[in-house]
$ cat work-v1.txt   # compact mmCIF, C-alpha atoms and all ligand atoms
# COMPACT_ATOMS: atom_id res chain seq x y z
CA MET A 1 -74.87 24.10 85.71
CA ARG A 2 -77.47 26.68 84.83
CA ILE A 3 -77.11 30.42 84.26
CA ASN A 4 -80.07 32.66 83.55
CA THR A 5 -79.23 36.36 83.26
CA ILE A 6 -81.69 37.34 80.55
CA SER A 7 -83.73 39.84 82.48
CA GLY A 8 -84.04 42.93 80.26
CA LEU A 9 -83.22 40.99 77.08
CA LYS A 10 -86.82 40.88 75.88
CA ASP A 11 -87.19 44.68 76.05
CA LEU A 12 -83.88 45.23 74.28
CA LEU A 13 -84.88 42.74 71.62
CA LEU A 14 -88.24 44.33 70.95
CA GLN A 15 -86.57 47.73 70.46
CA ALA A 16 -83.72 46.41 68.31
CA LYS A 17 -83.55 47.50 64.68
CA LYS A 18 -81.05 44.89 63.62
CA VAL A 19 -80.18 41.63 65.32
CA THR A 20 -77.49 39.17 64.26
CA ILE A 21 -77.61 35.52 65.31
CA ILE A 22 -74.35 33.57 65.13
CA GLY A 23 -73.55 29.86 65.35
CA HIS A 24 -70.19 28.07 65.66
CA LYS A 25 -67.58 27.12 63.07
CA ASN A 26 -68.49 24.00 61.06
CA PRO A 27 -72.14 24.44 62.04
CA ASP A 28 -74.10 21.30 62.88
CA GLY A 29 -77.84 20.62 63.09
CA ASP A 30 -78.16 22.27 66.49
CA ALA A 31 -76.24 25.40 65.47
CA LEU A 32 -78.34 25.85 62.33
CA GLY A 33 -81.64 24.74 63.84
CA SER A 34 -81.31 27.04 66.83
CA THR A 35 -80.17 30.13 64.89
CA LEU A 36 -82.74 29.74 62.10
CA GLY A 37 -85.50 28.84 64.57
CA LEU A 38 -84.80 31.95 66.65
CA SER A 39 -84.54 34.15 63.56
CA LEU A 40 -87.89 32.89 62.24
CA PHE A 41 -89.46 33.54 65.63
CA LEU A 42 -88.05 37.08 65.73
CA SER A 43 -89.47 37.86 62.32
CA LYS A 44 -92.87 36.77 63.64
CA LEU A 45 -92.42 39.44 66.32
CA GLY A 46 -91.50 41.96 63.64
CA VAL A 47 -87.80 42.03 64.61
CA SER A 48 -85.42 41.77 61.68
CA SER A 49 -82.43 39.45 62.09
CA THR A 50 -79.60 37.90 60.10
CA VAL A 51 -78.20 34.43 60.68
CA MET A 52 -74.43 34.29 60.32
CA MET A 53 -71.97 31.38 60.45
CA PRO A 54 -68.15 31.46 60.48
CA ASN A 55 -68.09 29.09 57.50
CA SER A 56 -70.37 26.99 55.34
CA PHE A 57 -72.50 24.06 56.45
CA PRO A 58 -73.08 20.57 55.05
CA ASP A 59 -75.50 19.86 52.22
CA PHE A 60 -77.63 17.61 54.43
CA LEU A 61 -78.77 20.70 56.36
CA LYS A 62 -79.56 22.81 53.29
CA TRP A 63 -83.23 21.78 53.29
CA LEU A 64 -83.79 23.71 56.56
CA PRO A 65 -86.27 26.61 56.24
CA GLN A 66 -84.41 29.84 55.35
CA ALA A 67 -81.04 28.03 55.14
CA GLU A 68 -80.40 29.91 51.89
CA THR A 69 -80.38 33.22 53.80
CA VAL A 70 -77.45 32.27 56.07
CA LEU A 71 -74.39 34.50 55.61
CA CYS A 72 -70.98 32.82 55.87
CA TYR A 73 -68.24 35.05 57.25
CA ASP A 74 -65.39 33.38 55.35
CA GLU A 75 -67.15 33.88 51.99
CA ASN A 76 -68.81 37.27 52.61
CA THR A 77 -66.53 38.92 55.12
CA SER A 78 -67.26 42.57 54.32
CA THR A 79 -71.06 42.07 54.12
CA CYS A 80 -70.95 40.27 57.46
CA GLU A 81 -68.83 42.96 59.10
CA LYS A 82 -71.20 45.66 57.84
CA GLU A 83 -74.17 43.75 59.27
CA LEU A 84 -72.39 43.37 62.60
CA TYR A 85 -71.47 47.06 62.82
CA GLN A 86 -75.14 47.91 62.30
CA SER A 87 -76.44 45.37 64.82
CA ASP A 88 -77.75 46.54 68.15
CA LEU A 89 -77.86 43.04 69.64
CA ILE A 90 -75.90 39.89 68.82
CA PHE A 91 -77.04 36.39 69.79
CA THR A 92 -74.41 33.66 69.97
CA LEU A 93 -75.95 30.20 69.92
CA ASP A 94 -74.61 26.71 70.55
CA PHE A 95 -71.09 27.71 71.59
CA ASN A 96 -69.43 28.88 74.78
CA ASP A 97 -66.44 30.92 73.67
CA LEU A 98 -65.81 33.36 70.81
CA SER A 99 -62.80 31.28 69.74
CA ARG A 100 -65.34 28.69 68.50
CA THR A 101 -66.12 31.10 65.64
CA GLY A 102 -62.53 31.29 64.31
CA ASP A 103 -61.61 34.59 62.58
CA LEU A 104 -65.14 35.91 63.09
CA GLY A 105 -64.46 35.76 66.84
CA LEU A 106 -61.56 38.20 66.50
CA PHE A 107 -63.90 40.67 64.83
CA LEU A 108 -66.64 40.12 67.43
CA GLU A 109 -64.23 40.73 70.31
CA GLN A 110 -63.74 44.38 69.39
CA LEU A 111 -67.45 45.22 69.00
CA GLU A 112 -69.23 47.20 71.68
CA VAL A 113 -72.65 45.61 71.26
CA PRO A 114 -74.59 43.61 73.85
CA PHE A 115 -74.24 39.86 73.39
CA ALA A 116 -76.81 37.23 74.37
CA MET A 117 -75.53 33.66 74.71
CA ILE A 118 -77.87 30.68 74.52
CA ASP A 119 -75.87 27.48 74.92
CA HIS A 120 -75.45 24.08 76.56
CA HIS A 121 -71.65 23.57 76.50
CA GLN A 122 -69.52 23.16 79.61
CA GLU A 123 -67.54 26.08 81.09
CA PRO A 124 -69.05 29.09 79.30
CA SER A 125 -66.97 32.24 78.84
CA THR A 126 -68.23 35.53 80.19
CA TYR A 127 -68.36 37.80 77.13
CA ALA A 128 -72.17 37.90 77.05
CA GLU A 129 -74.24 40.37 79.06
CA PHE A 130 -77.25 38.07 78.74
CA MET A 131 -76.90 34.34 79.23
CA LEU A 132 -79.29 31.42 79.04
CA VAL A 133 -77.00 28.46 79.63
CA ASP A 134 -77.78 24.96 80.83
CA THR A 135 -74.98 22.41 80.55
CA GLN A 136 -77.31 19.50 81.39
CA ILE A 137 -79.59 20.11 78.45
CA ALA A 138 -79.14 18.02 75.30
CA SER A 139 -79.34 20.83 72.75
CA THR A 140 -79.38 24.57 72.28
CA CYS A 141 -82.67 24.16 70.40
CA GLU A 142 -84.35 23.11 73.66
CA LEU A 143 -83.11 26.33 75.26
CA VAL A 144 -84.38 28.40 72.34
CA TYR A 145 -87.73 26.64 72.78
CA GLU A 146 -87.65 27.58 76.48
CA PHE A 147 -86.70 31.17 75.61
CA ILE A 148 -89.60 31.51 73.17
CA THR A 149 -92.21 29.82 75.31
CA THR A 150 -91.32 31.27 78.71
CA GLU A 151 -89.98 34.76 77.94
CA PHE A 152 -92.58 35.46 75.27
CA GLN A 153 -95.32 33.10 76.51
CA ASN A 154 -95.53 32.16 72.89
CA THR A 155 -96.56 28.61 72.11
CA ASP A 156 -97.96 29.42 68.71
CA LEU A 157 -94.95 28.21 66.72
CA THR A 158 -95.03 27.89 62.97
CA GLU A 159 -94.18 24.69 61.10
CA ASP A 160 -90.86 26.24 60.00
CA ILE A 161 -89.80 27.27 63.52
CA SER A 162 -90.80 23.85 64.86
CA SER A 163 -88.91 22.05 62.09
CA CYS A 164 -85.72 24.00 62.83
CA LEU A 165 -85.89 23.30 66.57
CA TYR A 166 -86.82 19.64 66.04
CA THR A 167 -83.76 19.22 63.79
CA GLY A 168 -81.29 20.51 66.39
CA ILE A 169 -82.78 18.36 69.12
CA MET A 170 -82.76 15.32 66.84
CA THR A 171 -79.12 15.74 65.76
CA ASP A 172 -77.70 16.60 69.20
CA THR A 173 -79.49 13.69 70.89
CA GLY A 174 -78.49 11.16 68.21
CA SER A 175 -82.16 10.85 67.25
CA PHE A 176 -83.36 10.91 70.88
CA ARG A 177 -81.07 8.17 72.18
CA PHE A 178 -78.17 9.83 74.05
CA PRO A 179 -78.47 9.89 77.87
CA SER A 180 -79.03 13.66 77.78
CA THR A 181 -82.46 12.91 76.25
CA THR A 182 -85.04 13.37 79.00
CA SER A 183 -88.79 13.09 79.25
CA LYS A 184 -88.78 16.89 78.97
CA THR A 185 -86.92 16.60 75.66
CA HIS A 186 -89.68 14.30 74.42
CA ARG A 187 -92.37 16.68 75.68
CA ILE A 188 -90.79 19.55 73.78
CA VAL A 189 -90.49 17.37 70.69
CA ALA A 190 -94.16 16.41 71.02
CA ASN A 191 -95.11 20.09 71.19
CA LEU A 192 -92.98 20.81 68.13
CA MET A 193 -94.74 18.02 66.25
CA ASP A 194 -98.11 19.41 67.32
CA ALA A 195 -96.96 22.74 65.91
CA GLY A 196 -96.18 21.18 62.54
CA ALA A 197 -92.71 19.59 62.63
CA LYS A 198 -92.82 16.36 60.59
CA GLY A 199 -90.44 14.03 62.42
CA SER A 200 -90.19 11.32 59.81
CA LEU A 201 -89.66 13.77 56.97
CA ILE A 202 -87.00 15.66 58.95
CA HIS A 203 -85.13 12.39 59.57
CA GLN A 204 -85.34 11.56 55.87
CA ASN A 205 -84.24 15.04 54.76
CA THR A 206 -81.28 14.98 57.11
CA PHE A 207 -80.08 11.39 57.03
CA ASP A 208 -81.29 9.74 53.84
CA ASN A 209 -79.35 11.77 51.35
CA ASN A 210 -76.04 9.92 51.16
CA SER A 211 -73.89 10.13 48.08
CA ILE A 212 -72.09 6.98 46.89
CA SER A 213 -68.77 8.66 47.64
CA ARG A 214 -69.81 9.29 51.25
CA LEU A 215 -70.60 5.60 51.71
CA GLN A 216 -67.25 4.73 50.12
CA LEU A 217 -65.54 7.10 52.52
CA LEU A 218 -67.37 5.34 55.37
CA SER A 219 -66.06 2.04 54.05
CA LYS A 220 -62.51 3.48 54.15
CA ALA A 221 -63.11 4.80 57.67
CA LEU A 222 -64.20 1.35 58.84
CA ASP A 223 -61.10 -0.10 57.17
CA ASN A 224 -59.06 2.32 59.26
CA LEU A 225 -60.72 1.33 62.54
CA LYS A 226 -58.39 0.32 65.32
CA VAL A 227 -59.51 -1.26 68.58
CA ILE A 228 -57.57 -1.20 71.84
CA PRO A 229 -59.60 -3.73 73.85
CA ASP A 230 -57.61 -3.31 77.10
CA LEU A 231 -58.64 0.33 77.28
CA LYS A 232 -62.15 -0.16 75.87
CA THR A 233 -61.12 2.32 73.21
CA ALA A 234 -61.60 2.35 69.43
CA TYR A 235 -60.50 4.94 66.94
CA ILE A 236 -60.83 5.72 63.25
CA TYR A 237 -58.54 7.87 61.15
CA LEU A 238 -58.90 9.42 57.72
CA SER A 239 -55.93 10.94 55.91
CA GLN A 240 -56.26 13.83 53.49
CA GLU A 241 -55.56 11.30 50.74
CA ASP A 242 -58.47 9.10 51.92
CA LEU A 243 -60.70 12.18 51.81
CA ASN A 244 -59.52 13.27 48.36
CA ARG A 245 -59.88 9.80 46.85
CA ASN A 246 -63.49 9.66 48.03
CA HIS A 247 -64.42 13.19 46.89
CA PHE A 248 -64.90 14.42 50.44
CA LYS A 249 -67.50 17.13 50.93
CA LYS A 250 -68.20 19.00 54.13
CA GLY A 251 -70.36 16.93 56.48
CA ASP A 252 -69.45 13.58 54.89
CA THR A 253 -67.74 12.32 58.07
CA GLU A 254 -70.60 13.35 60.38
CA GLY A 255 -71.52 10.43 62.63
CA PHE A 256 -68.63 8.16 61.56
CA VAL A 257 -67.21 8.18 65.09
CA ASN A 258 -70.41 6.55 66.34
CA TYR A 259 -69.53 3.35 64.46
CA ALA A 260 -66.45 3.00 66.66
CA LEU A 261 -68.58 3.65 69.74
CA SER A 262 -71.13 1.05 68.65
CA LEU A 263 -68.62 -1.79 69.09
CA LYS A 264 -69.52 -4.10 71.94
CA GLY A 265 -67.62 -3.19 75.11
CA ILE A 266 -66.18 0.10 73.77
CA ARG A 267 -66.51 3.10 76.12
CA PHE A 268 -64.30 5.64 74.34
CA ALA A 269 -64.28 6.34 70.60
CA VAL A 270 -62.34 8.84 68.54
CA ILE A 271 -62.06 9.90 64.91
CA PHE A 272 -58.98 11.70 63.59
CA ILE A 273 -59.42 13.58 60.32
CA GLU A 274 -56.46 15.14 58.61
CA ASN A 275 -56.93 18.67 57.26
CA ALA A 276 -53.94 19.45 55.06
CA ALA A 277 -55.09 22.99 54.25
CA GLU A 278 -55.22 24.00 57.91
CA LYS A 279 -52.24 21.77 58.80
CA ILE A 280 -54.17 20.19 61.64
CA VAL A 281 -55.85 16.92 62.51
CA LYS A 282 -59.45 17.58 63.58
CA ILE A 283 -60.61 15.18 66.27
CA SER A 284 -64.00 14.09 67.60
CA PHE A 285 -64.26 12.29 70.92
CA ARG A 286 -67.23 10.26 72.16
CA SER A 287 -67.73 8.22 75.31
CA VAL A 288 -70.38 6.24 77.11
CA GLY A 289 -70.53 6.38 80.87
CA ASP A 290 -68.19 8.29 83.16
CA PHE A 291 -65.18 8.98 80.98
CA ASP A 292 -65.22 12.76 80.53
CA VAL A 293 -64.16 13.64 76.99
CA ASN A 294 -64.70 17.37 77.55
CA THR A 295 -61.88 17.36 80.10
CA PHE A 296 -59.77 15.07 77.92
CA ALA A 297 -60.18 17.33 74.86
CA ARG A 298 -59.49 20.47 76.90
CA SER A 299 -56.43 19.00 78.57
CA HIS A 300 -54.71 17.64 75.46
CA TYR A 301 -56.32 18.81 72.24
CA GLN A 302 -57.18 22.55 72.53
CA GLY A 303 -60.85 21.62 72.51
CA GLY A 304 -63.89 20.90 74.63
CA GLY A 305 -67.60 20.20 74.38
CA HIS A 306 -69.67 17.93 76.60
CA LYS A 307 -68.91 15.06 78.95
CA ASN A 308 -69.75 12.40 76.35
CA ALA A 309 -69.11 14.32 73.10
CA ALA A 310 -66.30 16.74 72.47
CA GLY A 311 -63.91 17.91 69.79
CA GLY A 312 -60.42 19.27 69.44
CA LYS A 313 -57.38 19.35 67.17
CA SER A 314 -53.76 18.33 66.94
CA ASP A 315 -51.01 20.34 65.26
CA LEU A 316 -48.87 17.22 64.70
CA ASP A 317 -49.13 15.22 61.48
CA LEU A 318 -51.59 12.35 61.35
CA SER A 319 -49.23 9.52 62.20
CA ALA A 320 -47.59 11.45 65.05
CA THR A 321 -51.06 12.36 66.34
CA LEU A 322 -52.08 8.70 66.41
CA SER A 323 -48.88 7.57 68.16
CA GLU A 324 -49.19 10.34 70.71
CA PHE A 325 -52.83 9.39 71.37
CA GLU A 326 -51.99 5.71 71.86
CA HIS A 327 -49.30 6.71 74.33
CA LEU A 328 -51.50 9.23 76.13
CA ILE A 329 -54.45 6.95 76.79
CA ASN A 330 -52.26 4.59 78.80
CA HIS A 331 -52.34 7.31 81.46
CA TYR A 332 -56.13 6.94 81.59
CA LYS A 333 -56.12 3.19 82.27
CA ASN A 334 -57.86 3.63 85.61
CA GLN A 335 -60.73 5.56 84.08
CA LEU A 336 -61.12 3.42 80.98
CA GLN A 337 -60.90 -0.13 82.27
P1 LIG B 401 -68.10 17.12 66.96
O1 LIG B 401 -67.15 16.06 67.39
O2 LIG B 401 -69.42 16.53 66.53
O3 LIG B 401 -67.51 18.09 65.98
O4 LIG B 401 -68.42 17.97 68.25
C1 LIG B 401 -68.83 17.41 69.46
C2 LIG B 401 -69.06 18.51 70.47
O5 LIG B 401 -67.82 19.13 70.78
C3 LIG B 401 -69.96 19.62 69.96
O6 LIG B 401 -70.74 20.07 71.03
C4 LIG B 401 -69.01 20.69 69.50
O7 LIG B 401 -69.58 21.96 69.64
C5 LIG B 401 -67.82 20.50 70.44
N1 LIG B 401 -66.55 20.77 69.74
C6 LIG B 401 -66.13 20.25 68.57
N2 LIG B 401 -64.91 20.70 68.23
C7 LIG B 401 -64.54 21.55 69.22
C8 LIG B 401 -63.37 22.35 69.46
O8 LIG B 401 -62.42 22.37 68.68
N3 LIG B 401 -63.36 23.09 70.61
C9 LIG B 401 -64.40 23.07 71.49
N4 LIG B 401 -64.32 23.84 72.59
N5 LIG B 401 -65.51 22.35 71.32
C10 LIG B 401 -65.59 21.58 70.20
MN MN B 402 -75.44 21.74 70.43
$ encode --input "work-v1.txt" --output "structure tokens" --more "lines below"
Ligand code: 5GP
Ligand code: MN
Amino acid sequence: MRINTISGLKDLLLQAKKVTIIGHKNPDGDALGSTLGLSLFLSKLGVSSTVMMPNSFPDFLKWLPQAETVLCYDENTSTCEKELYQSDLIFTLDFNDLSRTGDLGLFLEQLEVPFAMIDHHQEPSTYAEFMLVDTQIASTCELVYEFITTEFQNTDLTEDISSCLYTGIMTDTGSFRFPSTTSKTHRIVANLMDAGAKGSLIHQNTFDNNSISRLQLLSKALDNLKVIPDLKTAYIYLSQEDLNRNHFKKGDTEGFVNYALSLKGIRFAVIFIENAAEKIVKISFRSVGDFDVNTFARSHYQGGGHKNAAGGKSDLDLSATLSEFEHLINHYKNQLQ
């Protein structure tokens, strides 16, 4: 599905005095890469913008150009609200509904400012006057690239802009290996490299900075791996105690679910992570092939995402969440076998 209602956005943007660019809660590489990349491009045009996130982001993304300028709503609420009141245009990137920004979303809902959504998630909400949405595309960064190069006929990207966009494409495609990766993705990536993005360095900066405690947490996660061969399903769980014992830091569990998915014959993989402070279990779903985890997460776990990668949460405790899940998937036998 593709929506393009951005006619008039360029003019509004060029007249804007203050623009805010927002990503989703628990920002990932695509949320940060797309927001920072767009912000850097706008400053090249002479348009001043602020990048804002609902909460902080993992250390492995802190090397990104201008990452230190990102404002986090949960830590700087009044500064963020002041910025938003003064904004004459708000971009929302890499999410499809204001609820994906937590408490910040409640504040955004009551603003009377034009919104521009650039996103690739299924079933977008309709709060934005301007939309550039393509649910087939692997990453929001590819859409930001399209926005820059087609709306502004600007192919003269800086190394910093290219590095930001490369990062989001790299993380959302699992380093260019998920089925959403197309020849067009590779062409964009090639252009970004020509413009200065250093692919190998970006991989190193993002992935080769493990702490010992993260690897120990991974070891615990693999210990807690359960396979249900009949349903081609595997899941991992981490309790709050597992996290505490291994000095959990934000971002440490990124990618763990892919180990479950890498098992031979497994089509559906899940990770359950207890969050005692929020009294929830945060869940990531992954699939290969036809099993639609977006629908599964929407139907049962107050979540959503993409067909093969989605997230959600459970309000039950960890052990009840796991029992409920094991029960639930029996109803999906036909789709999973
Ligand atoms: P992850 O499992 O890596 O956190 O997220 C996978 C995909 O699902 C991402 O595209 C992310 O934006 C989306 N996602 C994660 N958690 C949620 C959620 O609670 N609600 C919705 N609607 N989407 C989510
Ligand atoms: Mn994304």
$ residues_around --input "work-v1.txt" --residues "stretch 208-210 of chain A" --least-positions-apart "5" --cutoff "10 Å" --atoms "all atoms listed in the file" --output "list in words"
Asp59, Phe60, Leu201, Ile202, His203, Leu215 and Asp252 of chain A
$ closest_residue --input "work-v1.txt" --among "A:Phe130, A:Phe152, A:Phe178, A:Phe115" --to "A:Leu14" --atoms "all atoms listed in the file"
A:Phe152
$ residues_near_ligand --input "work-v1.txt" --ligand "ligand MN 402 (chain B)" --cutoff "10 Å" --atoms "only C-alpha atoms and all ligand atoms" --output "PyMOL selection string"
chain A and resi 23-24+27-34+93-95+119-121+137-142+168-169+171-173+305-306
$ closest_residue --input "work-v1.txt" --among "A:Leu108, A:Ala16, A:Ala269, A:Ala67" --to "ligand LIG 401 (chain B)" --atoms "all atoms listed in the file"
A:Ala269
$ residues_near_point --input "work-v1.txt" --point "(-58.3, 19.5, 63.0)" --cutoff "7 Å" --atoms "all atoms listed in the file" --output "list of chain:residue names"
A:Ile273, A:Glu274, A:Asn275, A:Ile280, A:Val281, A:Lys282, A:Ile283, A:Gly312, A:Lys313, A:Ser314
$ atom_distance --input "work-v1.txt" --atom1 "atom CA of A:Glu109" --atom2 "atom O6 of ligand LIG 401 (chain B)"
21.7 Å
$ atom_distance --input "work-v1.txt" --atom1 "atom CA of A:His327" --atom2 "atom CA of A:Asn224"
18.5 Å
$ residues_near_point --input "work-v1.txt" --point "(-69.5, 6.6, 84.6)" --cutoff "10 Å" --atoms "only C-alpha atoms" --output "number ranges by chain"
A: 267, 287-292, 335-336
$ write_last_selection --input "work-v1.txt" --atoms "C-alpha atoms" --output "PDB file, keeping the file's coordinate frame"
ATOM      1  CA  ARG A 267     -66.510   3.100  76.120  1.00  0.00           C
ATOM      2  CA  SER A 287     -67.730   8.220  75.310  1.00  0.00           C
ATOM      3  CA  VAL A 288     -70.380   6.240  77.110  1.00  0.00           C
ATOM      4  CA  GLY A 289     -70.530   6.380  80.870  1.00  0.00           C
ATOM      5  CA  ASP A 290     -68.190   8.290  83.160  1.00  0.00           C
ATOM      6  CA  PHE A 291     -65.180   8.980  80.980  1.00  0.00           C
ATOM      7  CA  ASP A 292     -65.220  12.760  80.530  1.00  0.00           C
ATOM      8  CA  GLN A 335     -60.730   5.560  84.080  1.00  0.00           C
ATOM      9  CA  LEU A 336     -61.120   3.420  80.980  1.00  0.00           C
TER      10      LEU A 336
END
$ residues_near_ligand --input "work-v1.txt" --ligand "ligand LIG 401 (chain B)" --cutoff "6 Å" --atoms "only C-alpha atoms and all ligand atoms" --output "list in words"
Ser284, Phe285, Gly303, Gly304, Gly305, Ala309, Ala310, Gly311 and Gly312 of chain A
$ residues_around --input "work-v1.txt" --residues "A:Glu159" --least-positions-apart "4" --cutoff "10 Å" --atoms "only C-alpha atoms" --output "PyMOL selection string"
chain A and resi 65+163-164+192-198
$ atom_distance --input "work-v1.txt" --atom1 "atom CA of A:Glu83" --atom2 "atom CA of A:Thr20"
7.5 Å
$ closest_residue --input "work-v1.txt" --among "A:Asn154, A:Asn244, A:Ser239, A:Thr206" --to "A:Leu318" --atoms "all atoms listed in the file"
A:Ser239
$ build_atoms --input "work-v1.txt" --residues "stretch 284-292 of chain A" --atoms "all heavy atoms" --output "mmCIF file, in the frame of the given file"
data_model
loop_
_atom_site.group_PDB
_atom_site.id
_atom_site.type_symbol
_atom_site.label_atom_id
_atom_site.label_comp_id
_atom_site.auth_asym_id
_atom_site.auth_seq_id
_atom_site.Cartn_x
_atom_site.Cartn_y
_atom_site.Cartn_z
ATOM 1 N N SER A 284 -62.743 14.186 66.853
ATOM 2 C CA SER A 284 -64.000 14.090 67.600
ATOM 3 C C SER A 284 -63.877 12.976 68.625
ATOM 4 O O SER A 284 -63.394 11.885 68.298
ATOM 5 C CB SER A 284 -65.164 13.746 66.666
ATOM 6 O OG SER A 284 -65.469 14.838 65.846
ATOM 7 N N PHE A 285 -64.312 13.268 69.828
ATOM 8 C CA PHE A 285 -64.260 12.290 70.920
ATOM 9 C C PHE A 285 -65.692 11.951 71.349
ATOM 10 O O PHE A 285 -66.529 12.853 71.475
ATOM 11 C CB PHE A 285 -63.549 12.884 72.137
ATOM 12 C CG PHE A 285 -62.155 13.371 71.860
ATOM 13 C CD1 PHE A 285 -61.911 14.711 71.601
ATOM 14 C CD2 PHE A 285 -61.078 12.492 71.857
ATOM 15 C CE1 PHE A 285 -60.622 15.174 71.343
ATOM 16 C CE2 PHE A 285 -59.792 12.941 71.593
ATOM 17 C CZ PHE A 285 -59.560 14.286 71.343
ATOM 18 N N ARG A 286 -65.935 10.669 71.617
ATOM 19 C CA ARG A 286 -67.230 10.260 72.160
ATOM 20 C C ARG A 286 -66.989 9.241 73.274
ATOM 21 O O ARG A 286 -66.039 8.457 73.207
ATOM 22 C CB ARG A 286 -68.102 9.570 71.082
ATOM 23 C CG ARG A 286 -68.435 10.443 69.891
ATOM 24 C CD ARG A 286 -69.410 11.565 70.260
ATOM 25 N NE ARG A 286 -69.843 12.318 69.097
ATOM 26 C CZ ARG A 286 -69.219 13.393 68.609
ATOM 27 N NH1 ARG A 286 -68.133 13.858 69.196
ATOM 28 N NH2 ARG A 286 -69.695 14.014 67.547
ATOM 29 N N SER A 287 -67.863 9.243 74.271
ATOM 30 C CA SER A 287 -67.730 8.220 75.310
ATOM 31 C C SER A 287 -69.120 7.793 75.755
ATOM 32 O O SER A 287 -70.112 8.491 75.522
ATOM 33 C CB SER A 287 -66.944 8.767 76.511
ATOM 34 O OG SER A 287 -67.665 9.795 77.151
ATOM 35 N N VAL A 288 -69.157 6.624 76.387
ATOM 36 C CA VAL A 288 -70.380 6.240 77.110
ATOM 37 C C VAL A 288 -69.980 6.072 78.565
ATOM 38 O O VAL A 288 -68.900 5.570 78.859
ATOM 39 C CB VAL A 288 -71.019 4.919 76.613
ATOM 40 C CG1 VAL A 288 -71.921 5.156 75.436
ATOM 41 C CG2 VAL A 288 -69.977 3.869 76.273
ATOM 42 N N GLY A 289 -70.840 6.527 79.452
ATOM 43 C CA GLY A 289 -70.530 6.380 80.870
ATOM 44 C C GLY A 289 -69.712 7.546 81.392
ATOM 45 O O GLY A 289 -69.844 8.678 80.921
ATOM 46 N N ASP A 290 -68.829 7.242 82.358
ATOM 47 C CA ASP A 290 -68.190 8.290 83.160
ATOM 48 C C ASP A 290 -66.977 8.959 82.529
ATOM 49 O O ASP A 290 -66.522 9.982 83.016
ATOM 50 C CB ASP A 290 -67.768 7.713 84.525
ATOM 51 C CG ASP A 290 -68.986 7.430 85.381
ATOM 52 O OD1 ASP A 290 -70.026 8.075 85.128
ATOM 53 O OD2 ASP A 290 -68.896 6.557 86.268
ATOM 54 N N PHE A 291 -66.410 8.381 81.511
ATOM 55 C CA PHE A 291 -65.180 8.980 80.980
ATOM 56 C C PHE A 291 -65.503 10.336 80.344
ATOM 57 O O PHE A 291 -66.306 10.434 79.410
ATOM 58 C CB PHE A 291 -64.498 8.045 79.974
ATOM 59 C CG PHE A 291 -63.157 8.567 79.550
ATOM 60 C CD1 PHE A 291 -62.140 8.754 80.484
ATOM 61 C CD2 PHE A 291 -62.919 8.914 78.225
ATOM 62 C CE1 PHE A 291 -60.901 9.273 80.105
ATOM 63 C CE2 PHE A 291 -61.680 9.428 77.842
ATOM 64 C CZ PHE A 291 -60.682 9.604 78.779
ATOM 65 N N ASP A 292 -64.845 11.391 80.874
ATOM 66 C CA ASP A 292 -65.220 12.760 80.530
ATOM 67 C C ASP A 292 -64.369 13.270 79.358
ATOM 68 O O ASP A 292 -63.226 13.684 79.539
ATOM 69 C CB ASP A 292 -65.000 13.635 81.790
ATOM 70 C CG ASP A 292 -65.396 15.082 81.573
ATOM 71 O OD1 ASP A 292 -65.603 15.491 80.409
ATOM 72 O OD2 ASP A 292 -65.483 15.806 82.576
#
